[in-house]
Amino acid sequence: MAHSFVSNYYHCVFSTKERRKLISPELEERLWPFLGGIARAHKMKALAIGGVEDHVHLLLSLPSTLAIAKAIQLVKGESSKWVHETFPQHQQFAWQEGYGAFSIGVSQHPVTVAYIQKQKEHHRQVTFQDEFLRFLKKHEIEYDPRYLWG
């Protein structure tokens with residue numbers, strides 16, 4: 001075969017440091033598009049971005065040359081730097097150290113996009129912690145509860 005063909009889709013979830021409610025509606029309005037711009041700049045596709053005051057969800061398509069750990073590092077690092085430089089009132093803003101990245105198939109795109117777009121409604125009933133635990137169980141990821149929320 002003359003070319004490589006890869007399908008790398010990840011539903012990524014990460015929180016603000018200590019799950020502080022730092023993403024105000026005004027910041028969100030600018031931050032979500034900026035996250036998409038970071039993805040484009042690094043040859044990723046952000047198919048959906050959404051979240052609430054203390055965390056964000058992204059549906060990312062990664063090129064074959066980019067590892068998920070590097071992709072998350074780029075998105076979190078560049079966005080945090082931008083928030084500090086652009087919004088002096090948000091100097092406390094920071095992302096948590098860890099993240100969740102859950103692979104999905106193409107058939108799950110519509111469901112995942114809808115889920116990400118409805119985060120505000122979803123979190124009226126479900127906490128971030130409960131949501132994240134559900135993802136870990138659904139994807140059969142083992143974890144030690146003592147170190148989950150660090």
# chains A, B, ... in the order shown; residues from 1 in each chain; ligands from 1

$ select_by_dssp --residues "segment 36-73 of chain A" --states "strand (DSSP E or B)" --output "ChimeraX atom specification"
/A:45-52,55-61

$ write_last_selection --atoms "C-alpha atoms" --output "PDB file, in the first residue's frame"
ATOM      1  CA  LYS A  45      -9.554  17.708  14.107  1.00  0.00           C
ATOM      2  CA  ALA A  46     -11.744  18.829  16.982  1.00  0.00           C
ATOM      3  CA  LEU A  47     -15.119  17.343  16.044  1.00  0.00           C
ATOM      4  CA  ALA A  48     -16.839  18.541  19.236  1.00  0.00           C
ATOM      5  CA  ILE A  49     -15.876  20.641  22.248  1.00  0.00           C
ATOM      6  CA  GLY A  50     -18.016  21.293  25.299  1.00  0.00           C
ATOM      7  CA  GLY A  51     -18.062  21.273  29.023  1.00  0.00           C
ATOM      8  CA  VAL A  52     -18.966  23.123  32.176  1.00  0.00           C
ATOM      9  CA  HIS A  55     -14.029  20.434  32.948  1.00  0.00           C
ATOM     10  CA  VAL A  56     -14.011  20.034  29.184  1.00  0.00           C
ATOM     11  CA  HIS A  57     -14.789  17.248  26.713  1.00  0.00           C
ATOM     12  CA  LEU A  58     -13.232  17.071  23.255  1.00  0.00           C
ATOM     13  CA  LEU A  59     -13.822  14.620  20.447  1.00  0.00           C
ATOM     14  CA  LEU A  60     -10.497  14.608  18.637  1.00  0.00           C
ATOM     15  CA  SER A  61      -9.304  12.930  15.478  1.00  0.00           C
TER      16      SER A  61
END

$ residues_around --residues "segment 108-111 of chain A" --least-positions-apart "4" --cutoff "10 Å" --atoms "only C-alpha atoms" --output "list of chain:residue names"
A:Tyr9, A:Tyr10, A:His11, A:Leu47, A:Ala48, A:Leu59, A:Ser103, A:Ile104, A:Tyr115, A:Ile116, A:Gln117

$ write_last_selection --atoms "C-alpha atoms" --output "mmCIF file, in the first residue's frame"
data_model
loop_
_atom_site.group_PDB
_atom_site.id
_atom_site.type_symbol
_atom_site.label_atom_id
_atom_site.label_comp_id
_atom_site.auth_asym_id
_atom_site.auth_seq_id
_atom_site.Cartn_x
_atom_site.Cartn_y
_atom_site.Cartn_z
ATOM 1 C CA TYR A 9 -10.798 9.123 17.430
ATOM 2 C CA TYR A 10 -10.670 9.950 21.121
ATOM 3 C CA HIS A 11 -13.222 11.313 23.536
ATOM 4 C CA LEU A 47 -15.119 17.343 16.044
ATOM 5 C CA ALA A 48 -16.839 18.541 19.236
ATOM 6 C CA LEU A 59 -13.822 14.620 20.447
ATOM 7 C CA SER A 103 -11.097 5.612 21.927
ATOM 8 C CA ILE A 104 -14.312 5.497 19.946
ATOM 9 C CA TYR A 115 -23.175 13.950 24.558
ATOM 10 C CA ILE A 116 -20.502 16.655 24.434
ATOM 11 C CA GLN A 117 -22.951 19.293 23.232
#

$ select_by_dssp --residues "chain A" --states "helix (DSSP H, G or I)" --output "PyMOL selection string"
chain A and resi 17-19+25-41+68-86+88-90+106-117+119-122+128-138+145-147

$ closest_atom_pairs --of "segment 85-126 of chain A" --to "segment 20-39 of chain A" --cutoff "12 Å" --atoms "only C-alpha atoms" --output "JSON lines"
{"residue": "A:Thr86", "atom": "CA", "partner": "A:Leu27", "partner_atom": "CA", "distance": 10.1}
{"residue": "A:Phe87", "atom": "CA", "partner": "A:Leu27", "partner_atom": "CA", "distance": 8.5}
{"residue": "A:Pro88", "atom": "CA", "partner": "A:Leu27", "partner_atom": "CA", "distance": 11.7}
{"residue": "A:Gln89", "atom": "CA", "partner": "A:Leu27", "partner_atom": "CA", "distance": 10.5}
{"residue": "A:His90", "atom": "CA", "partner": "A:Leu22", "partner_atom": "CA", "distance": 7.9}
{"residue": "A:Gln91", "atom": "CA", "partner": "A:Leu22", "partner_atom": "CA", "distance": 10.2}
{"residue": "A:Gln92", "atom": "CA", "partner": "A:Leu22", "partner_atom": "CA", "distance": 8.1}
{"residue": "A:Phe93", "atom": "CA", "partner": "A:Leu22", "partner_atom": "CA", "distance": 6.4}
{"residue": "A:Ala94", "atom": "CA", "partner": "A:Leu22", "partner_atom": "CA", "distance": 8.6}
{"residue": "A:Trp95", "atom": "CA", "partner": "A:Arg20", "partner_atom": "CA", "distance": 9.5}
{"residue": "A:Gln96", "atom": "CA", "partner": "A:Arg20", "partner_atom": "CA", "distance": 9.7}
{"residue": "A:Ile116", "atom": "CA", "partner": "A:Trp32", "partner_atom": "CA", "distance": 11.9}
{"residue": "A:Gln117", "atom": "CA", "partner": "A:Trp32", "partner_atom": "CA", "distance": 11.6}
{"residue": "A:Lys120", "atom": "CA", "partner": "A:Pro25", "partner_atom": "CA", "distance": 11.3}

$ atom_distance --atom1 "atom CA of Met44 of chain A" --atom2 "atom CA of Leu66 of chain A"
8.6 Å

$ atom_distance --atom1 "atom CA of Ser15 of chain A" --atom2 "atom CA of Tyr99 of chain A"
7.5 Å

$ residues_around --residues "Ile68 of chain A" --least-positions-apart "3" --cutoff "9 Å" --atoms "only C-alpha atoms" --output "count of residues only"
6

$ closest_residue --among "A:Asp144, A:Phe128, A:Lys138, A:Lys76" --to "Glu18 of chain A" --atoms "only C-alpha atoms"
A:Phe128

$ closest_residue --among "A:Ala2, A:Trp82, A:Thr65, A:Gly100" --to "His139 of chain A" --atoms "only C-alpha atoms"
A:Gly100

$ closest_residue --among "A:Lys17, A:Asp54, A:Trp149, A:Cys12" --to "His123 of chain A" --atoms "only C-alpha atoms"
A:Asp54
